[in-house]
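J.: Got a structure for you, questions after.
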Amino acid sequence: MQDTRSLFKKHFNQTPTHVVQAPGRLEVLGNHTDYNNGLVMAVAVDKYIHIAASPRTDGKVELVSSAFAAPEKFSVSDIKPNPAASWANYIKGVLLQLKKRGVQISGFNAAIHSTLPMGAGMSSSAALEVATAMTVRRLHPFILTDTGLGVPPVPNAKGELPPVNKVERMNFAKVCRAAENEFVGVPCGILDQTSSLFGKQSHVMEIDCASLTVEHAPLFGIAMVVCNSMVKHELVGGEYKELRDNCEAAARKLGVKFLRTTEMKQVLAAKSSLTEREFTCAHHVVSEIARVVAGERALRSNDMAQFGQYMFQSHESSRDHLRNSTEELDILVELARNHPACLGARLTGGGFGGATINMVTHHEAESFMAHMEAGYEKQTGVKMKPLVCMVVDGAN
Ligand code: GLA
C-alpha cells in the first residue's frame, strides 16, 4: 500500500484520494472447467494489485506503474490500445465496459503497484481489472445491476461506500471478464475475476460457473505453497484458445451446450465421432468436474488427505488428457509428492508454464519449501523460491 501511495505522490505530486487493492488467486481444483460452465475451487491470496487514484475533471486518464517505465495518458472519450503500453489494456478494457453500461467517468490519475508475481498463473491481469473497477466505483460511485446501473450508493459520514453485495460482485466479475475477452483478446472464463472478488479469509471458494454462485468451505491447518516453474506463462498465446475450441467442438458433437451437462459414458460412447484432441479435452473436463464434486465432499468432512489425492489426480489428467502441463511442472509435482508433508500438488491456472499449488501441513511448510527449492535446482539447474500464501478476502 505504502509503495503505491509513494509512487502516486512522486509522479503526480499530490496525495491520492483513494487506494484499493485486489488479490490474485490460486486455482485449487478444477482445471479449465470454468468456460465449460463447470465447477472450480479457488482461493484469493495475499499478493495484490494496488491502485492509488484521485479524480480529474478534464476527461483524461493518466496511469503510472511501478513495473513499467513509461506512463500512459489517454482521453476517456478515445480509448484504444497502445502497443507501447499493453499493460494498460486491462484498465482500458474495464473503463470501456463500464462506459458501455452508463458509468460516467470524468478522468483520473492512478498509480499501480503489484506484489503479484507476473506470469506465474496467479491472475495478476484479473486483479488489475478488478482493482480498476473498484477504483472507478470509489471515484464515481455506481451500482451495477444485471441490466445496467442502479441508484448510486451514498457514502457515509467518513466518505466510505457500503460494501458491494453478492449480486453486484458477480456483475463486476462479468464486466472484468468482458474486458479481458473483448479488449485484451484472451478468451478466458470467469474464474480469475470471480476469485479476486469473492475470496474469503481461510476459506476455499466453490464456484459454480453455470449458476454463477459461490460458496465457501473452511480450510484448517493447511499452508498453500506456490512453486513457480519460472517458465513464462502467456495466455495471449494460442494454446488456451486451442483447448477452449476443442472443448466447445466436443460439446457440439455431443449435442450439449457445455461439457458440464455431459457424462463420461457419453464421452466414451462418442469417441469415434470426436477428433483425438476433442476426445482428450472432453475426457479431462468431464472427469475434472466430477473431481471437484468429490473434492467438495472431502473438504467439508475435513478429509484433507483425500482432497490432496484429488489434486494429484487433477494434475495427471491435465498432463495426460488436456496436455497443458510442462516438463518443469511435472518435475515440481513429483518432487512435492515425495515430501511427507505434502497432501496434494497440481498445476494451477492456464498451464503451459506457470506454477504449481501445493497443499502442505502447516507446521512442516518450511521443510517442504527447502526440499522443493533444492530438488528443483538439482533437476533443472533453475533457482526457484517457493512462496507461502495466506488465504484472504476479495477486493473491496
Ligand atoms: C486461466 C483462465 C481461467 C481458467 C484457467 C484454467 O487462468 O484465465 O479462466 O480457464 O486458466 O482453469
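Residues in the C-alpha cells are numbered from 1 in each chain, the chains being A, B, ... in the order shown, and ligands are numbered from 1 in the order shown.
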May I have the residues within 7 Å of ligand 1, computed using only C-alpha atoms and all ligand atoms, as a PyMOL selection string?
T.: chain A and resi 27+30-35+121+123+188-192+349-350
J.: Taking the DSSP secondary structure from the backbone, can you list the residues of range 198-373 of chain A that are strand (DSSP E), as a PyMOL selection string?
T.: chain A and resi 203-208+213-218+222-228+342-348+355-361
J.: Write the residues of the selection above to a file with N, CA, C and O atoms, as a compact mmCIF listing (two decimals), in the first residue's frame.
T.:
```
# COMPACT_ATOMS: atom_id res chain seq x y z
N HIS A 203 -10.79 -19.60 3.71
CA HIS A 203 -11.83 -20.44 3.09
C HIS A 203 -11.50 -20.68 1.62
O HIS A 203 -10.88 -19.84 0.97
N VAL A 204 -11.97 -21.82 1.14
CA VAL A 204 -11.88 -22.11 -0.29
C VAL A 204 -13.20 -21.70 -0.93
O VAL A 204 -14.27 -21.94 -0.36
N MET A 205 -13.12 -21.08 -2.11
CA MET A 205 -14.35 -20.74 -2.84
C MET A 205 -14.74 -21.94 -3.69
O MET A 205 -13.88 -22.54 -4.34
N GLU A 206 -16.02 -22.24 -3.71
CA GLU A 206 -16.54 -23.26 -4.62
C GLU A 206 -17.40 -22.51 -5.62
O GLU A 206 -18.47 -22.00 -5.27
N ILE A 207 -16.89 -22.42 -6.84
CA ILE A 207 -17.56 -21.58 -7.85
C ILE A 207 -18.32 -22.47 -8.83
O ILE A 207 -17.73 -23.38 -9.42
N ASP A 208 -19.60 -22.18 -8.99
CA ASP A 208 -20.40 -22.88 -9.99
C ASP A 208 -20.54 -21.93 -11.17
O ASP A 208 -21.21 -20.89 -11.08
N THR A 213 -22.73 -18.86 -8.94
CA THR A 213 -22.85 -18.71 -7.49
C THR A 213 -21.55 -19.20 -6.84
O THR A 213 -20.83 -20.01 -7.42
N VAL A 214 -21.29 -18.69 -5.64
CA VAL A 214 -20.06 -19.03 -4.93
C VAL A 214 -20.40 -19.44 -3.50
O VAL A 214 -21.15 -18.75 -2.82
N GLU A 215 -19.86 -20.58 -3.08
CA GLU A 215 -19.97 -20.96 -1.66
C GLU A 215 -18.57 -21.02 -1.08
O GLU A 215 -17.59 -21.06 -1.83
N HIS A 216 -18.49 -21.03 0.24
CA HIS A 216 -17.16 -21.04 0.88
C HIS A 216 -17.06 -22.21 1.85
O HIS A 216 -17.99 -22.46 2.61
N ALA A 217 -15.94 -22.92 1.82
CA ALA A 217 -15.72 -24.02 2.78
C ALA A 217 -14.42 -23.72 3.55
O ALA A 217 -13.42 -23.31 2.94
N PRO A 218 -14.45 -23.92 4.88
CA PRO A 218 -13.25 -23.56 5.67
C PRO A 218 -12.06 -24.48 5.42
O PRO A 218 -12.22 -25.65 5.07
N ILE A 222 -3.64 -25.82 7.06
CA ILE A 222 -3.01 -26.05 5.77
C ILE A 222 -2.22 -24.82 5.34
O ILE A 222 -2.68 -23.70 5.52
N ALA A 223 -1.03 -25.05 4.76
CA ALA A 223 -0.31 -23.94 4.13
C ALA A 223 -0.42 -24.14 2.62
O ALA A 223 -0.33 -25.27 2.13
N MET A 224 -0.65 -23.06 1.91
CA MET A 224 -0.69 -23.09 0.44
C MET A 224 0.67 -22.62 -0.04
O MET A 224 1.04 -21.46 0.21
N VAL A 225 1.39 -23.49 -0.70
CA VAL A 225 2.72 -23.10 -1.18
C VAL A 225 2.69 -23.08 -2.71
O VAL A 225 2.20 -24.02 -3.35
N VAL A 226 3.22 -22.00 -3.28
CA VAL A 226 3.29 -21.88 -4.74
C VAL A 226 4.72 -22.10 -5.19
O VAL A 226 5.65 -21.52 -4.62
N CYS A 227 4.90 -22.97 -6.17
CA CYS A 227 6.23 -23.16 -6.75
C CYS A 227 6.17 -22.73 -8.21
O CYS A 227 5.46 -23.34 -9.01
N ASN A 228 6.89 -21.68 -8.52
CA ASN A 228 6.89 -21.14 -9.88
C ASN A 228 7.91 -21.90 -10.72
O ASN A 228 9.09 -21.94 -10.36
N CYS A 342 3.41 -33.07 2.12
CA CYS A 342 2.58 -32.61 1.00
C CYS A 342 1.34 -33.48 0.87
O CYS A 342 1.42 -34.69 0.65
N LEU A 343 0.17 -32.85 0.98
CA LEU A 343 -1.09 -33.59 0.84
C LEU A 343 -1.51 -33.68 -0.61
O LEU A 343 -2.06 -34.68 -1.05
N GLY A 344 -1.24 -32.63 -1.36
CA GLY A 344 -1.62 -32.63 -2.76
C GLY A 344 -0.88 -31.54 -3.52
O GLY A 344 -0.49 -30.53 -2.93
N ALA A 345 -0.67 -31.75 -4.82
CA ALA A 345 0.01 -30.75 -5.66
C ALA A 345 -0.50 -30.88 -7.08
O ALA A 345 -0.84 -31.98 -7.53
N ARG A 346 -0.55 -29.76 -7.78
CA ARG A 346 -1.03 -29.76 -9.17
C ARG A 346 -0.66 -28.44 -9.83
O ARG A 346 -0.35 -27.47 -9.13
N LEU A 347 -0.72 -28.44 -11.15
CA LEU A 347 -0.54 -27.15 -11.82
C LEU A 347 -1.76 -26.31 -11.52
O LEU A 347 -2.87 -26.82 -11.28
N THR A 348 -1.60 -24.98 -11.54
CA THR A 348 -2.71 -24.09 -11.22
C THR A 348 -2.87 -23.07 -12.33
O THR A 348 -1.89 -22.51 -12.80
N ALA A 355 2.85 -22.03 -12.52
CA ALA A 355 3.24 -22.54 -11.20
C ALA A 355 2.41 -23.76 -10.79
O ALA A 355 1.40 -24.08 -11.40
N THR A 356 2.89 -24.41 -9.72
CA THR A 356 2.09 -25.46 -9.07
C THR A 356 1.59 -24.92 -7.73
O THR A 356 2.21 -24.06 -7.11
N ILE A 357 0.45 -25.47 -7.31
CA ILE A 357 -0.06 -25.17 -5.97
C ILE A 357 0.12 -26.43 -5.13
O ILE A 357 -0.17 -27.54 -5.61
N ASN A 358 0.60 -26.26 -3.92
CA ASN A 358 0.89 -27.39 -3.04
C ASN A 358 0.17 -27.19 -1.72
O ASN A 358 0.30 -26.14 -1.09
N MET A 359 -0.58 -28.21 -1.30
CA MET A 359 -1.24 -28.14 -0.01
C MET A 359 -0.38 -28.91 0.97
O MET A 359 -0.14 -30.11 0.79
N VAL A 360 0.08 -28.21 2.02
CA VAL A 360 1.10 -28.77 2.89
C VAL A 360 0.64 -28.61 4.33
O VAL A 360 0.05 -27.59 4.68
N THR A 361 0.92 -29.62 5.18
CA THR A 361 0.56 -29.45 6.59
C THR A 361 1.34 -28.25 7.14
O THR A 361 2.53 -28.09 6.88
```
J.: Pick out the closest residue to His283 in chain A from this set: A:Ala126, A:Ile112, A:Ala250, A:Ala298. Count only C-alpha atoms.
T.: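 Result for the nearest residue to His283 in chain A: A:Ala250.
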J.: Run DSSP on the backbone and grab whatever in range 168-395 of chain A lands in alpha helix (DSSP H); send it over as a PyMOL selection string.
T.: chain A and resi 168-179+191-198+238-253+264-269+276-300+304-317+327-337+365-380
J.: Within 6 Å of range 73-78 of chain A, counting only C-alpha atoms, which residues qualify if same-chain residues fewer than 3 places away don't, as a ChimeraX atom specification?
T.: /A:59-62
J.: Would you export the selected residues with N, CA and C atoms as a JSON list (two decimals), in the first residue's frame, please?
T.:
```json
[["chain", "number", "residue", "atom", "x", "y", "z"],
["A", 59, "GLY", "N", -11.48, 14.85, -18.33],
["A", 59, "GLY", "CA", -11.75, 13.70, -19.20],
["A", 59, "GLY", "C", -10.50, 12.90, -19.56],
["A", 60, "LYS", "N", -9.39, 13.17, -18.88],
["A", 60, "LYS", "CA", -8.15, 12.44, -19.20],
["A", 60, "LYS", "C", -7.85, 11.41, -18.10],
["A", 61, "VAL", "N", -7.16, 10.34, -18.50],
["A", 61, "VAL", "CA", -6.70, 9.34, -17.53],
["A", 61, "VAL", "C", -5.18, 9.26, -17.67],
["A", 62, "GLU", "N", -4.49, 9.38, -16.55],
["A", 62, "GLU", "CA", -3.03, 9.21, -16.60],
["A", 62, "GLU", "C", -2.65, 8.09, -15.64]]
```
J.: Which residues come within 8 Å of Lys47 in chain A, counting only C-alpha atoms, excluding same-chain residues fewer than 4 positions away, as a VMD selection string?
T.: chain A and resid 23 to 24 114 to 116 389
J.: Would you mind listing what lies within 7 Å of range 334-340 of chain A as a list in words, with only C-alpha atoms counted and same-chain residues fewer than 4 positions away left out?
T.: Asp330, Ala345, Phe368, Met372 and Gly375 of chain A
J.: What lies within 10 Å of range 154-167 of chain A using only C-alpha atoms, ignoring chain neighbours under 6 positions off, as a list in words?
T.: Met134, Arg137, Arg138, Pro141, Phe142, Ile143, Leu144, Thr145, Asp146, Leu197, Phe198, Leu212, Thr213, Val214, Ala395 and Asn396 of chain A
J.: Write out as a list of chain:residue names each polymer residue whose atoms come within 9 Å of Gln313 in chain A, counting only C-alpha atoms; drop sequence neighbours fewer than 5 positions from it.
T.: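 Final neighbour list, sorted by chain and number: A:Glu288, A:Arg291, A:Gly308, A:Ser318, A:Arg346.
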J.: Would you save the residues from that selection as an mmCIF file, in the first residue's frame, using N, CA, C and O atoms?
T.:
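So the final result, stored in again22.cif, reads:
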```
data_model
loop_
_atom_site.group_PDB
_atom_site.id
_atom_site.type_symbol
_atom_site.label_atom_id
_atom_site.label_comp_id
_atom_site.auth_asym_id
_atom_site.auth_seq_id
_atom_site.Cartn_x
_atom_site.Cartn_y
_atom_site.Cartn_z
ATOM 1 N N GLU A 288 -12.736 -33.928 -14.491
ATOM 2 C CA GLU A 288 -12.302 -32.869 -13.564
ATOM 3 C C GLU A 288 -13.500 -32.290 -12.802
ATOM 4 O O GLU A 288 -13.412 -32.016 -11.607
ATOM 5 N N ARG A 291 -14.323 -34.560 -10.162
ATOM 6 C CA ARG A 291 -13.338 -34.469 -9.062
ATOM 7 C C ARG A 291 -13.632 -33.281 -8.155
ATOM 8 O O ARG A 291 -13.416 -33.355 -6.949
ATOM 9 N N GLY A 308 -6.241 -33.974 -1.130
ATOM 10 C CA GLY A 308 -4.928 -33.918 -1.781
ATOM 11 C C GLY A 308 -4.799 -34.941 -2.901
ATOM 12 O O GLY A 308 -4.207 -34.659 -3.950
ATOM 13 N N SER A 318 -4.649 -33.215 -16.314
ATOM 14 C CA SER A 318 -4.185 -32.065 -17.116
ATOM 15 C C SER A 318 -2.980 -32.493 -17.955
ATOM 16 O O SER A 318 -2.877 -32.164 -19.135
ATOM 17 N N ARG A 346 -0.555 -29.761 -7.775
ATOM 18 C CA ARG A 346 -1.030 -29.763 -9.170
ATOM 19 C C ARG A 346 -0.662 -28.439 -9.828
ATOM 20 O O ARG A 346 -0.351 -27.467 -9.129
#
```
J.: Identify which of the residues A:Val45, A:Ile79, A:Ala133, A:Val103 lies closest to Pro152 in chain A, counting only C-alpha atoms when measuring atom-to-atom distances.
T.: A:Val103
J.: Between A:Leu98, A:Ala305, A:Val40, A:Val28, which has the minimum distance to Val285 in chain A (counting only C-alpha atoms)?
T.: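 The closest residue to Val285 in chain A is A:Val40.
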J.: Report, in Å with one decimal, the straight-line distance from CA of Lys253 in chain A to CA of Val286 in chain A.
T.: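 Pair CA of Lys253 in chain A / CA of Val286 in chain A returns 14.7 Å.
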J.: Mind giving me the straight-line distance from CA of Leu96 in chain A to CA of Thr147 in chain A in Å, one decimal?
T.: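 The value is 16.4 Å.
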J.: Using CA of Thr17 in chain A and CA of His113 in chain A as the two end points, give the distance in Å to one decimal.
T.: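 Going from CA of Thr17 in chain A over to CA of His113 in chain A covers 16.1 Å.
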